[in-house]
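To start, the structure itself, in structure tokens.
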Amino acid sequence: MTEQHEPSTTELAGLATRLRDLDWSWELNDVPDLLAEFGWRAVVSRPDWVILDTGLGAGSGKVHGEDGKAVRIETRLTEFVEEDAAGAEDLHTTFDEITDVLTEVLGHPTARIQGQWPQIRWAGPARTVVVVRSPVSVVLYLVTNARLAADDRNVEFEKRNPR
């Protein structure tokens with residue numbers, strides 16, 4: 001069983017740098033190589049996704065795929081907080097602290113997305129590092145630029161066409 005802990009500042013900086021510089025096939029069949037590289041563990045595998053334990057327990061990470069190719073790697077950076085004012089304040093502070101650490105190691109963000117799930121992005125030529133503040137935790141992604149563009153189009157569509 002993996003020891004559960006939130007990454008320290010040093011671990012966070014190393015994780016973000018390693019993700020940004022990741023040299024991997026992006027084939028879902030090669031997820032075991034990714035897991036070995038980061039010291040993560042697969043919990044459940046399906047044809048287009050793998051649920052991971054990345055240090056905060058089962059389900060603390062996921063590799064998303066499409067047609068046998070990985071499109072996003074995610075790892076939760078914080079324990080879950082209560083969905084109340086104190087939890088929201090703690091998460092906001094933690095998100096800002098994580099953003100500061102990532103800015104130190106990755107440079108100035110290329111985008112800041114506001115909204116219910118704020119995001120800070122560091123775009124690369126093929127993939128983007130993204131830190132997201134959900135209502136209950138902070139998550140770090142490495143996502144292909146094609147998948148990120150599709151996600152952005154979906155968000156815009158939903159804004160223009162509310163249910």
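Residues in the structure tokens are named by chain (A, B, ... in the order shown) and by number from 1 within that chain; ligands are numbered from 1 in the order shown.
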### Query
Can you tell me, as a PyMOL selection string, what residues are no more than 10 Å from Thr99 in chain A when counting only C-alpha atoms, ignoring any on the same chain fewer than 5 positions away?
chain A and resi 93-94+104+106+108-109+119-121+130-132
Please produce, as a tab-separated table, a per-residue contact table for range 43-75 of chain A versus range 22-25 of chain A (criterion: any atom at most 12 Å away, only C-alpha atoms considered), showing the nearest atom pair and its distance in Å to one decimal, sorted by chain then residue number.
```
residue	atom	partner	partner_atom	distance
A:Gly68	CA	A:Ser25	CA	11.1
A:Lys69	CA	A:Ser25	CA	8.7
A:Ala70	CA	A:Ser25	CA	8.8
A:Val71	CA	A:Ser25	CA	11.2
A:Ile73	CA	A:Leu22	CA	10.9
```
Please produce a file of those selected residues containing C-alpha atoms, as a short mmCIF file (atom, residue, chain, number, x, y, z; two decimals), in the first residue's frame.
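Below is the file result-v8.cif, written as the result:
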```
data_model
loop_
_atom_site.label_atom_id
_atom_site.label_comp_id
_atom_site.auth_asym_id
_atom_site.auth_seq_id
_atom_site.Cartn_x
_atom_site.Cartn_y
_atom_site.Cartn_z
CA GLY A 68 -5.47 3.56 -27.50
CA LYS A 69 -3.62 6.86 -27.03
CA ALA A 70 -3.30 8.70 -23.73
CA VAL A 71 -4.61 12.27 -23.87
CA ILE A 73 -2.44 12.35 -17.14
#
```
### Contact residues around range 7-17 of chain A with only C-alpha atoms at 7 Å, ignoring same-chain residues under 2 positions, as number ranges by chain
A: 5, 19-21, 77, 101-102, 105
### Message
For a test of reading the model, state the distance in Å between CA of Pro135 in chain A and CA of Ile98 in chain A, rounded to one decimal.
### Response
15.7 Å
### Query
In chain A, what's strand (DSSP E) per DSSP? Answer as number ranges by chain?
A: 41-46, 49-53, 58-66, 69-76, 111-113, 119-123, 127-133, 138-144
### Task
With a distance cut-off of 12 Å and only C-alpha atoms, select the neighbouring residues of Leu148 in chain A, excluding the residue or stretch itself and same-chain residues fewer than 4 positions from it, and output the selection as a list in words.
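Selected residues are Val71, Arg72, Ile73, Gln119, Arg121, Trp122, Ala123, Gly124, Ala126, Arg127, Thr128, Val129, Val130, Tyr141, Leu142, Val143, Thr144, Asp152, Arg153, Asn154 and Val155 of chain A.
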So that I can check the surroundings of Gly57 in chain A, please list as a short mmCIF file (atom, residue, chain, number, x, y, z; two decimals) with C-alpha atoms, in the first residue's frame every protein, DNA and RNA residue that reaches within 12 Å of it, counting only C-alpha atoms and ignoring chain neighbours fewer than 4 positions away.
```
data_model
loop_
_atom_site.label_atom_id
_atom_site.label_comp_id
_atom_site.auth_asym_id
_atom_site.auth_seq_id
_atom_site.Cartn_x
_atom_site.Cartn_y
_atom_site.Cartn_z
CA MET A 1 0.00 0.00 0.00
CA THR A 2 1.26 3.49 -0.89
CA GLU A 3 1.91 5.94 1.94
CA GLN A 4 -0.56 8.79 1.48
CA HIS A 5 0.73 12.34 1.61
CA GLU A 6 0.42 15.63 -0.22
CA TRP A 40 2.57 5.30 -9.15
CA ARG A 41 0.31 2.25 -9.04
CA ALA A 42 -2.57 1.20 -11.31
CA VAL A 43 -5.79 0.51 -9.41
CA ILE A 51 -7.28 4.78 -12.40
CA LEU A 52 -4.12 5.38 -10.36
CA ASP A 53 -2.82 5.73 -6.85
CA GLY A 61 -4.82 9.95 -10.45
CA LYS A 62 -5.98 8.87 -13.87
CA THR A 75 -2.73 13.55 -10.26
CA ARG A 76 -4.50 15.05 -7.29
CA LEU A 77 -2.18 17.28 -5.24
CA THR A 78 -4.32 17.76 -2.13
CA GLU A 79 -6.51 15.78 0.18
CA PHE A 80 -10.22 16.47 -0.26
#
```
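Every protein, DNA or RNA residue with an atom at most 8 Å from Gln116 in chain A, where only C-alpha atoms count and chain neighbours fewer than 2 positions away do not, is listed here: Gln114, Pro118, Ser134 and Pro135 of chain A.
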### Task
Mind the document's chain letters and residue numbers, and return as a ChimeraX atom specification the residues of range 74-149 of chain A that DSSP labels helix (DSSP H, G or I).
/A:85-106,145-149
#### Entry: Nearest to Thr54 in chain A, chosen from A:Leu140, A:Ala149, A:Gly107, A:Glu83, with only C-alpha atoms counted in the distances
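Of all the options, A:Leu140 lies closest to Thr54 in chain A.
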### Query
Quick one: residues within 9 Å of Val31 in chain A, only C-alpha atoms counted, chain neighbours fewer than 3 positions away excluded, as number ranges by chain?
A: 26-28, 34-36, 42, 50, 63, 70
Selection from above, N, CA and C atoms, as a PDB file, in the first residue's frame, can you write it?
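Saved the output as out39.pdb:
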```pdb
ATOM      1  N   TRP A  26       2.933   7.772 -25.048  1.00  0.00           N
ATOM      2  CA  TRP A  26       1.528   8.184 -24.990  1.00  0.00           C
ATOM      3  C   TRP A  26       0.605   7.087 -25.508  1.00  0.00           C
ATOM      4  N   GLU A  27       1.098   5.855 -25.503  1.00  0.00           N
ATOM      5  CA  GLU A  27       0.282   4.688 -25.814  1.00  0.00           C
ATOM      6  C   GLU A  27      -0.278   4.136 -24.499  1.00  0.00           C
ATOM      7  N   LEU A  28      -1.579   3.855 -24.459  1.00  0.00           N
ATOM      8  CA  LEU A  28      -2.159   3.314 -23.234  1.00  0.00           C
ATOM      9  C   LEU A  28      -1.532   1.973 -22.861  1.00  0.00           C
ATOM     10  N   LEU A  34       4.992   4.424 -17.605  1.00  0.00           N
ATOM     11  CA  LEU A  34       4.703   5.698 -16.943  1.00  0.00           C
ATOM     12  C   LEU A  34       4.642   5.507 -15.432  1.00  0.00           C
ATOM     13  N   LEU A  35       3.967   4.464 -14.995  1.00  0.00           N
ATOM     14  CA  LEU A  35       3.828   4.200 -13.572  1.00  0.00           C
ATOM     15  C   LEU A  35       5.192   3.942 -12.934  1.00  0.00           C
ATOM     16  N   ALA A  36       6.035   3.184 -13.612  1.00  0.00           N
ATOM     17  CA  ALA A  36       7.375   2.914 -13.090  1.00  0.00           C
ATOM     18  C   ALA A  36       8.181   4.200 -12.995  1.00  0.00           C
ATOM     19  N   ALA A  42      -1.266   1.339 -10.658  1.00  0.00           N
ATOM     20  CA  ALA A  42      -2.568   1.196 -11.308  1.00  0.00           C
ATOM     21  C   ALA A  42      -3.536   0.546 -10.326  1.00  0.00           C
ATOM     22  N   VAL A  50      -7.068   4.519 -17.094  1.00  0.00           N
ATOM     23  CA  VAL A  50      -6.472   3.774 -15.989  1.00  0.00           C
ATOM     24  C   VAL A  50      -6.583   4.633 -14.740  1.00  0.00           C
ATOM     25  N   VAL A  63      -5.128   8.187 -16.006  1.00  0.00           N
ATOM     26  CA  VAL A  63      -4.671   8.396 -17.374  1.00  0.00           C
ATOM     27  C   VAL A  63      -5.909   8.232 -18.250  1.00  0.00           C
ATOM     28  N   ALA A  70      -3.051   7.872 -24.909  1.00  0.00           N
ATOM     29  CA  ALA A  70      -3.296   8.705 -23.732  1.00  0.00           C
ATOM     30  C   ALA A  70      -3.457  10.148 -24.176  1.00  0.00           C
TER      31      ALA A  70
END
```
### Task
Point out the residue among A:Ala85, A:Ala111, A:Val44, A:Leu56 with the least atom-to-atom distance to Val139 in chain A, counting only C-alpha atoms.
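Of the candidates, the smallest distance to Val139 in chain A is held by A:Leu56.
Proximity of A:Asp30, A:Glu89, A:Glu37, A:Glu158 to Arg18 in chain A, computed with only C-alpha atoms, is greatest for A:Glu37.
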